[in-house]
Every structure is written in C-alpha cells, then in structure tokens.
>>> print(open('data37.txt').read())   # compact mmCIF, C-alpha atoms and all ligand atoms
# COMPACT_ATOMS: atom_id res chain seq x y z
CA MET A 289 8.59 -17.61 12.51
CA ALA A 290 11.01 -15.97 14.89
CA GLU A 291 10.33 -16.01 18.61
CA PRO A 292 9.30 -12.66 20.07
CA ILE A 293 12.38 -10.61 20.78
CA THR A 294 12.61 -9.98 24.50
CA GLY A 295 16.32 -9.36 24.96
CA ASP A 296 18.07 -11.45 27.57
CA LYS A 297 17.29 -9.17 30.42
CA THR A 298 13.58 -8.47 30.56
CA LEU A 299 13.11 -9.71 34.14
CA HIS A 300 16.30 -8.05 35.29
CA GLN A 301 15.23 -4.71 33.81
CA ILE A 302 11.84 -4.98 35.46
CA ALA A 303 13.45 -5.79 38.83
CA VAL A 304 15.96 -2.94 38.65
CA ALA A 305 13.41 -0.35 37.52
CA PHE A 306 10.92 -1.18 40.26
CA LYS A 307 13.57 -1.44 42.93
CA ASP A 308 14.60 2.12 42.06
CA LEU A 309 11.00 3.31 42.26
CA ALA A 310 10.50 1.54 45.59
CA ASN A 311 13.61 3.28 46.92
CA THR A 312 12.16 6.65 45.92
CA VAL A 313 8.92 5.81 47.67
CA SER A 314 10.62 4.78 50.92
CA ASP A 315 13.23 7.55 50.91
CA SER A 316 11.08 9.97 52.84
CA GLN A 317 7.52 10.42 53.99
CA ASN A 318 6.66 12.85 51.22
CA ALA A 319 8.75 11.38 48.45
CA ASP A 320 7.50 12.38 45.03
CA VAL A 321 7.49 9.75 42.33
CA GLU A 322 8.09 11.32 38.94
CA VAL A 323 6.00 10.39 35.94
CA ALA A 324 8.96 9.74 33.62
CA PRO A 325 10.77 7.01 35.62
CA PHE A 326 7.40 5.51 36.54
CA SER A 327 6.26 5.16 32.93
CA ARG A 328 9.71 3.94 31.90
CA ALA A 329 9.58 1.22 34.57
CA CYS A 330 6.13 0.17 33.37
CA SER A 331 7.31 -0.02 29.78
CA HIS A 332 9.72 -2.78 30.84
CA ILE A 333 6.67 -4.95 31.61
CA SER A 334 5.44 -4.86 28.00
CA PRO A 335 7.85 -7.47 26.55
CA LEU A 336 6.31 -10.03 28.93
CA PHE A 337 3.09 -9.98 26.94
CA GLY A 338 4.85 -11.13 23.80
CA CYS A 339 5.96 -14.20 25.72
CA LEU A 340 2.40 -15.08 26.67
CA GLY A 341 1.26 -15.49 23.10
CA ILE A 342 -1.17 -13.95 20.70
CA ALA A 343 -4.14 -14.40 23.08
CA PHE A 344 -2.84 -11.56 25.22
CA LYS A 345 -2.39 -9.16 22.35
CA PHE A 346 -5.43 -7.15 23.43
CA ALA A 347 -4.16 -6.85 26.99
CA GLU A 348 -0.83 -5.71 25.64
CA MET A 349 -2.38 -3.08 23.39
CA ASP A 350 -4.44 -1.64 26.22
CA PHE A 351 -1.57 -1.64 28.71
CA VAL A 352 0.96 -0.17 26.27
CA ALA A 353 -1.44 2.59 25.17
CA LYS A 354 -1.96 3.64 28.79
CA VAL A 355 1.74 3.55 29.63
CA ASN A 356 2.43 5.62 26.50
CA ASP A 357 -0.13 8.16 27.61
CA LEU A 358 1.74 8.53 30.91
CA ALA A 359 5.07 8.79 29.08
CA GLU A 360 3.60 11.55 26.92
CA ALA A 361 2.23 13.31 30.02
CA SER A 362 5.69 13.21 31.63
CA LYS A 363 6.86 15.78 29.08
CA SER A 364 4.77 18.45 30.77
CA ILE A 365 3.89 17.03 34.21
CA GLN A 366 6.64 16.14 36.62
CA THR A 367 5.15 14.06 39.42
CA LEU A 368 2.36 11.53 39.80
CA HIS A 369 0.67 13.67 42.40
CA SER A 370 0.58 16.74 40.18
CA LEU A 371 -0.73 14.58 37.33
CA ILE A 372 -3.69 13.61 39.52
CA ASP A 373 -4.15 17.13 40.89
CA GLN A 374 -4.46 18.53 37.36
CA ASP A 375 -7.30 16.12 36.60
CA VAL A 376 -8.94 16.93 39.94
CA GLN A 377 -8.87 20.62 39.08
CA ALA A 378 -10.22 19.97 35.58
CA LYS A 379 -12.85 17.61 37.03
CA SER A 380 -11.70 14.97 34.54
CA VAL A 381 -10.50 12.28 36.98
CA ARG A 382 -12.83 9.54 35.77
CA ASN A 383 -13.08 10.60 32.13
CA ALA A 384 -12.18 7.95 29.58
CA GLY A 385 -8.53 8.36 28.68
CA SER A 386 -7.66 10.75 31.51
CA HIS A 387 -4.15 10.39 32.90
CA THR A 388 -5.56 9.65 36.35
CA ARG A 389 -7.77 6.90 34.98
CA ASN A 390 -4.94 5.44 32.90
CA LEU A 391 -2.65 5.47 35.93
CA LEU A 392 -5.20 3.46 37.91
CA ARG A 393 -5.46 0.91 35.05
CA VAL A 394 -1.68 0.64 34.82
CA ARG A 395 -1.52 0.19 38.60
CA ARG A 396 -3.85 -2.81 38.21
CA GLY A 397 -1.61 -4.25 35.51
CA LEU A 398 1.37 -3.94 37.87
CA ASP A 399 -0.64 -5.68 40.57
CA MET A 400 -1.59 -8.46 38.14
CA VAL A 401 2.08 -9.08 37.37
CA ARG A 402 2.92 -8.89 41.09
CA VAL A 403 0.44 -11.63 42.01
CA LEU A 404 1.42 -13.65 38.94
CA PHE A 405 5.08 -13.66 39.97
CA GLU A 406 4.22 -14.30 43.61
CA GLN A 407 2.14 -17.31 42.57
CA MET A 408 4.75 -18.56 40.09
CA ILE A 409 7.28 -18.56 42.91
CA VAL A 410 5.12 -20.65 45.25
CA THR A 411 3.34 -22.91 42.76
CA GLU A 412 4.88 -26.28 41.95
CA GLY A 413 4.70 -27.70 38.46
CA ASN A 414 5.01 -26.42 34.97
CA SER A 415 1.62 -24.79 34.36
CA LEU A 416 1.01 -21.06 34.43
CA ARG A 417 -2.75 -21.48 34.50
CA ASP A 418 -3.28 -21.37 38.27
CA PRO A 419 -0.85 -18.51 38.89
CA ALA A 420 -2.31 -16.52 35.99
CA SER A 421 -5.88 -17.21 36.96
CA LYS A 422 -5.32 -16.25 40.61
CA ALA A 423 -3.57 -13.07 39.54
CA TYR A 424 -6.34 -12.12 37.14
CA GLU A 425 -9.10 -12.90 39.67
CA GLN A 426 -7.43 -10.78 42.31
CA ALA A 427 -6.13 -7.81 40.33
CA LEU A 428 -8.37 -7.29 37.31
CA ALA A 429 -11.49 -9.47 37.12
CA PRO A 430 -13.47 -7.40 39.66
CA TYR A 431 -13.22 -4.44 37.27
CA HIS A 432 -13.94 -6.24 34.01
CA GLY A 433 -17.25 -7.04 32.41
CA TRP A 434 -18.43 -10.46 31.38
CA ALA A 435 -17.01 -10.41 27.85
CA ILE A 436 -13.45 -9.59 28.88
CA ARG A 437 -13.54 -12.12 31.74
CA LYS A 438 -14.68 -14.81 29.27
CA ALA A 439 -11.93 -13.94 26.82
CA VAL A 440 -9.33 -14.11 29.57
CA SER A 441 -10.51 -17.48 30.80
CA ALA A 442 -10.23 -18.80 27.25
CA GLY A 443 -6.74 -17.28 27.04
CA LEU A 444 -5.70 -19.16 30.18
CA TYR A 445 -5.92 -22.40 28.19
CA VAL A 446 -3.41 -21.32 25.59
CA LEU A 447 -0.70 -19.98 27.89
CA PRO A 448 2.81 -21.30 27.43
CA THR A 449 4.22 -23.52 30.16
CA LYS A 450 6.43 -22.03 32.84
CA GLU A 451 9.40 -23.69 31.17
CA GLN A 452 8.54 -22.19 27.78
CA LEU A 453 8.07 -18.75 29.33
CA LEU A 454 11.43 -18.85 31.13
CA LYS A 455 13.11 -20.02 27.95
CA LYS A 456 11.67 -17.09 26.00
CA LEU A 457 12.83 -14.79 28.78
CA ASN A 458 16.24 -16.43 28.63
CA GLU A 459 16.16 -17.22 32.35
CA ASP A 460 16.90 -20.26 34.47
CA VAL A 461 14.60 -21.07 37.36
CA ALA A 462 16.86 -19.70 40.08
CA SER A 463 17.64 -16.34 38.50
CA ALA A 464 14.02 -15.90 37.41
CA LYS A 465 12.86 -16.44 41.01
CA GLU A 466 15.35 -13.92 42.28
CA GLN A 467 14.26 -11.22 39.81
CA MET A 468 10.57 -11.94 40.31
CA GLN A 469 10.96 -11.70 44.09
CA ILE A 470 12.56 -8.27 43.74
CA TYR A 471 9.64 -7.12 41.60
CA VAL A 472 7.08 -8.59 44.03
CA SER A 473 8.34 -6.64 47.03
CA SER A 474 9.23 -3.45 45.15
CA SER A 475 5.97 -3.22 43.23
CA GLU A 476 4.01 -3.70 46.43
CA ALA A 477 5.52 -0.51 47.84
CA VAL A 478 4.89 1.36 44.59
CA ILE A 479 1.27 0.18 44.40
CA GLN A 480 0.64 1.25 48.01
CA TYR A 481 2.10 4.64 47.18
CA ILE A 482 -0.24 5.03 44.20
CA ASP A 483 -3.24 3.95 46.25
CA LYS A 484 -2.44 6.62 48.83
CA LEU A 485 -2.44 9.27 46.09
CA TYR A 486 -6.05 8.35 45.26
CA VAL A 487 -7.33 7.69 48.76
CA SER A 488 -5.85 10.88 50.25
CA ARG A 489 -7.80 12.88 47.66
CA ASN A 490 -10.98 10.88 48.26
CA LEU A 491 -10.92 9.61 44.70
CA GLY A 492 -11.30 5.93 45.60
CA THR A 493 -9.58 3.11 43.73
CA ASP A 494 -12.51 0.86 42.86
CA TRP A 495 -13.77 2.41 39.63
C1 LIG B 1 0.20 -15.59 32.43
C2 LIG B 1 -0.51 -14.31 32.46
C3 LIG B 1 -1.90 -14.34 32.04
C4 LIG B 1 -2.31 -12.98 31.88
C5 LIG B 1 -3.76 -12.76 31.84
C6 LIG B 1 -3.91 -11.30 31.73
C7 LIG B 1 -5.21 -10.93 31.22
C8 LIG B 1 -5.40 -9.49 31.22
C9 LIG B 1 -6.52 -9.17 30.28
C10 LIG B 1 -6.80 -7.76 30.28
C11 LIG B 1 -7.63 -7.37 29.09
C12 LIG B 1 -7.78 -5.91 29.11
C13 LIG B 1 -8.68 -5.43 28.02
C14 LIG B 1 -9.05 -4.00 28.21
C15 LIG B 1 -9.64 -3.59 29.34
C16 LIG B 1 -10.10 -2.17 29.50
O1 LIG B 1 -11.48 -2.16 29.34
C17 LIG B 1 -9.76 -1.71 30.90
C18 LIG B 1 -10.35 -0.34 31.21
O2 LIG B 1 -9.80 0.61 30.39
P1 LIG B 1 -10.46 2.06 30.19
O3 LIG B 1 -11.94 1.91 30.08
O4 LIG B 1 -10.08 2.93 31.34
O5 LIG B 1 -9.84 2.56 28.90
N1 LIG B 1 -8.31 -1.69 31.03
C19 LIG B 1 -7.71 -2.37 32.03
O6 LIG B 1 -8.34 -2.95 32.88
C20 LIG B 1 -6.21 -2.35 32.07
C21 LIG B 1 -5.72 -3.75 31.85
C22 LIG B 1 -4.25 -3.85 31.92
C23 LIG B 1 -3.85 -5.26 31.63
C24 LIG B 1 -2.53 -5.54 32.16
C25 LIG B 1 -2.33 -6.98 32.33
C26 LIG B 1 -0.97 -7.26 32.77
C27 LIG B 1 -0.70 -8.72 32.70
C28 LIG B 1 0.68 -8.93 32.40
C29 LIG B 1 1.03 -10.35 32.38
C30 LIG B 1 2.44 -10.46 31.98
>>> encode(input="data37.txt", output="structure tokens")
Amino acid sequence: MAEPITGDKTLHQIAVAFKDLANTVSDSQNADVEVAPFSRACSHISPLFGCLGIAFKFAEMDFVAKVNDLAEASKSIQTLHSLIDQDVQAKSVRNAGSHTRNLLRVRRGLDMVRVLFEQMIVTEGNSLRDPASKAYEQALAPYHGWAIRKAVSAGLYVLPTKEQLLKKLNEDVASAKEQMQIYVSSSEAVIQYIDKLYVSRNLGTDW
C-alpha cells in the first residue's frame, strides 16, 4: 500500500495560507475576510488527516464537507460577514448545514489544529497522544456527545508517532516547528476574528 500522498509542502502551505489571512485580519480595524481565500486556506489542513490514519477518517469527512460547503458558498457570497448576515436574515443561523453553522465547526477544527501544533512544539518525546488529547479536550470535546468522545479517545491509541507523522509530511523537526509556529500565531488571529463576527451579532459561539 502506498503512503497517503501529502506532497512535500503540506505544513508550508498551511503556514503561508494562514499567515496571509492573519495579515488581512490585522490590516485594518474593519478588514473583511473573504470566503474564498478562507476556505482555500482551510482546505490545506485536510491532507493532515490522511497522515493520522484511518481512525480519523470520520473527522476528515466531516471537516472536508464543511470546508467544501464554504467553498461552494464563496461563488455567490464574498465575505465571511455577509455569509453570516444572510443566515441571520433568513433566521437559519443554527440550522443543520447552514453556512454559519459550518463556519463555526470549521473554526473549531482550526482551533484543534492550533492547540495540537502548540502542544507538539512544547511536548518532549515521540508520542502525539498528549498533544492530541489536550487539543481535542480544549477545542472540540465540550461540543461533542458521549459517542464521538469515546471514538476519539480510542483513536488516540492508534495515532502515529511524531516521527512517523513528520516523515509522512516530509519535514524535519526544525522546519516543522517553524511552520507550525507560524500557523499557531496566525490561526489565533483568524479565530479571534471569526469569534468577533458571532459575538458582535449576539449569536454566541458555544452551540
Ligand atoms: C493527532 C490528532 C488527533 C486528532 C483527533 C481529532 C479528533 C476529531 C474528531 C472529530 C469527529 C467529528 C465527527 C463529527 C462531528 C459533528 O457532529 C460535529 C457537528 O457537526 P454538525 O452537527 O454541525 O453537522 N462537527 C464538528 O464538530 C466539526 C469537527 C471538525 C473536526 C476537525 C478536526 C481537526 C483535527 C485535525 C487534526 C490534524
């Protein structure tokens, strides 16, 4: 069996895409993030799942479907704020499959990867279990029911090692750290921007 194809530059592409988004966010007070570059940046995350093994297939399918929905939306809706405003007007914010709901789910996936990278940078040793478990507990577990949480904790036992992951990503430790650090700080700015979109419209972010 062939290894999953990730290209040599998955981490680099993630870092570059989110750095660009973070620059847009910080450019001015009322910077508008557009749906197209946002969904494109998120699509660079997807190859990571393939490196985590078959156990994360269901996470990948859910994440990819939601990112694809945003990519599809970008054909007719230009900015993230107008995407949310349309759902507000249609009173469909919390409906299953709404763009606004999918955006919030994708935002949590970005946060999961952010904490995962942050923890991988500071955690000694070759296991991904602690970094992955901390990231899941912080970013996603509070919003998942018992069955999904159980499945994830089983999945944590069949993760590749850090070394195996970096090999699949075609990265050495130093360059991986560098790219992950760029994503950690850039995604933080992007996530805060998204949160503001929800909070400023009194939509909340805990549903
Ligand atoms: C080393 C890394 C270990 C990674 C562990 C990650 C486990 C994530 C498991 C997530 C399973 C998600 C299954 C589907 C959940 C859906 O019910 C919810 C709500 O969707 P809706 O009802 O609105 O349709 N979807 C989500 O919560 C979005 C989940 C996104 C998962 C992204 C994870 C990113 C991790 C990337 C690691 C490289």
>>> closest_residue(input="data37.txt", among="A:Tyr481, A:Trp495, A:Phe346, A:Phe306", to="ligand LIG 1 (chain B)", atoms="only C-alpha atoms and all ligand atoms")
A:Phe346
>>> residues_near_ligand(input="data37.txt", ligand="ligand LIG 1 (chain B)", cutoff="7 Å", atoms="only C-alpha atoms and all ligand atoms", output="compact mmCIF listing (two decimals) with C-alpha atoms, keeping the file's coordinate frame")
# COMPACT_ATOMS: atom_id res chain seq x y z
CA ILE A 333 6.67 -4.95 31.61
CA LEU A 336 6.31 -10.03 28.93
CA PHE A 337 3.09 -9.98 26.94
CA LEU A 340 2.40 -15.08 26.67
CA PHE A 344 -2.84 -11.56 25.22
CA PHE A 346 -5.43 -7.15 23.43
CA ALA A 347 -4.16 -6.85 26.99
CA GLU A 348 -0.83 -5.71 25.64
CA ASP A 350 -4.44 -1.64 26.22
CA PHE A 351 -1.57 -1.64 28.71
CA ALA A 384 -12.18 7.95 29.58
CA GLY A 385 -8.53 8.36 28.68
CA ARG A 389 -7.77 6.90 34.98
CA ASN A 390 -4.94 5.44 32.90
CA ARG A 393 -5.46 0.91 35.05
CA VAL A 394 -1.68 0.64 34.82
CA ARG A 396 -3.85 -2.81 38.21
CA GLY A 397 -1.61 -4.25 35.51
CA LEU A 398 1.37 -3.94 37.87
CA MET A 400 -1.59 -8.46 38.14
CA VAL A 401 2.08 -9.08 37.37
CA LEU A 404 1.42 -13.65 38.94
CA LEU A 416 1.01 -21.06 34.43
CA ARG A 417 -2.75 -21.48 34.50
CA ALA A 420 -2.31 -16.52 35.99
CA SER A 421 -5.88 -17.21 36.96
CA TYR A 424 -6.34 -12.12 37.14
CA LEU A 428 -8.37 -7.29 37.31
CA TYR A 431 -13.22 -4.44 37.27
CA HIS A 432 -13.94 -6.24 34.01
CA ILE A 436 -13.45 -9.59 28.88
CA VAL A 440 -9.33 -14.11 29.57
CA LEU A 444 -5.70 -19.16 30.18
CA LEU A 447 -0.70 -19.98 27.89
>>> atom_distance(input="data37.txt", atom1="CA of Ser331 in chain A", atom2="CA of Ser362 in chain A")
13.5 Å
>>> atom_distance(input="data37.txt", atom1="CA of Phe405 in chain A", atom2="CA of Ile470 in chain A")
10.0 Å
>>> closest_residue(input="data37.txt", among="A:Thr298, A:Asn490, A:Asn414, A:Gln366", to="Pro325 in chain A", atoms="all atoms listed in the file")
A:Gln366
>>> atom_distance(input="data37.txt", atom1="CA of Glu425 in chain A", atom2="CA of Ser473 in chain A")
19.9 Å
>>> closest_residue(input="data37.txt", among="A:His387, A:Lys465, A:His300, A:Arg437", to="His369 in chain A", atoms="only C-alpha atoms")
A:His387
>>> residues_around(input="data37.txt", residues="Glu459 in chain A", least_positions_apart="6", cutoff="12 Å", atoms="all atoms listed in the file", output="number ranges by chain")
A: 294-300, 450-453, 465-468
>>> closest_residue(input="data37.txt", among="A:Lys422, A:Arg489, A:Gly338, A:Glu360", to="Gln377 in chain A", atoms="only C-alpha atoms")
A:Arg489
>>> residues_around(input="data37.txt", residues="Glu406 in chain A", least_positions_apart="5", cutoff="9 Å", atoms="all atoms listed in the file", output="PDB file with C-alpha atoms, keeping the file's coordinate frame")
ATOM      1  CA  VAL A 401       2.080  -9.080  37.370  1.00  0.00           C
ATOM      2  CA  THR A 411       3.340 -22.910  42.760  1.00  0.00           C
ATOM      3  CA  PRO A 419      -0.850 -18.510  38.890  1.00  0.00           C
ATOM      4  CA  ALA A 423      -3.570 -13.070  39.540  1.00  0.00           C
ATOM      5  CA  MET A 468      10.570 -11.940  40.310  1.00  0.00           C
ATOM      6  CA  GLN A 469      10.960 -11.700  44.090  1.00  0.00           C
ATOM      7  CA  VAL A 472       7.080  -8.590  44.030  1.00  0.00           C
TER       8      VAL A 472
END
>>> residues_around(input="data37.txt", residues="Leu358 in chain A", least_positions_apart="4", cutoff="10 Å", atoms="all atoms listed in the file", output="ChimeraX atom specification")
/A:323-324,326-328,330,352-354,362-363,365,368,371,386-388,390-391,394
>>> closest_residue(input="data37.txt", among="A:Val478, A:Val446, A:Ala464, A:Ile342", to="Glu322 in chain A", atoms="all atoms listed in the file")
A:Val478
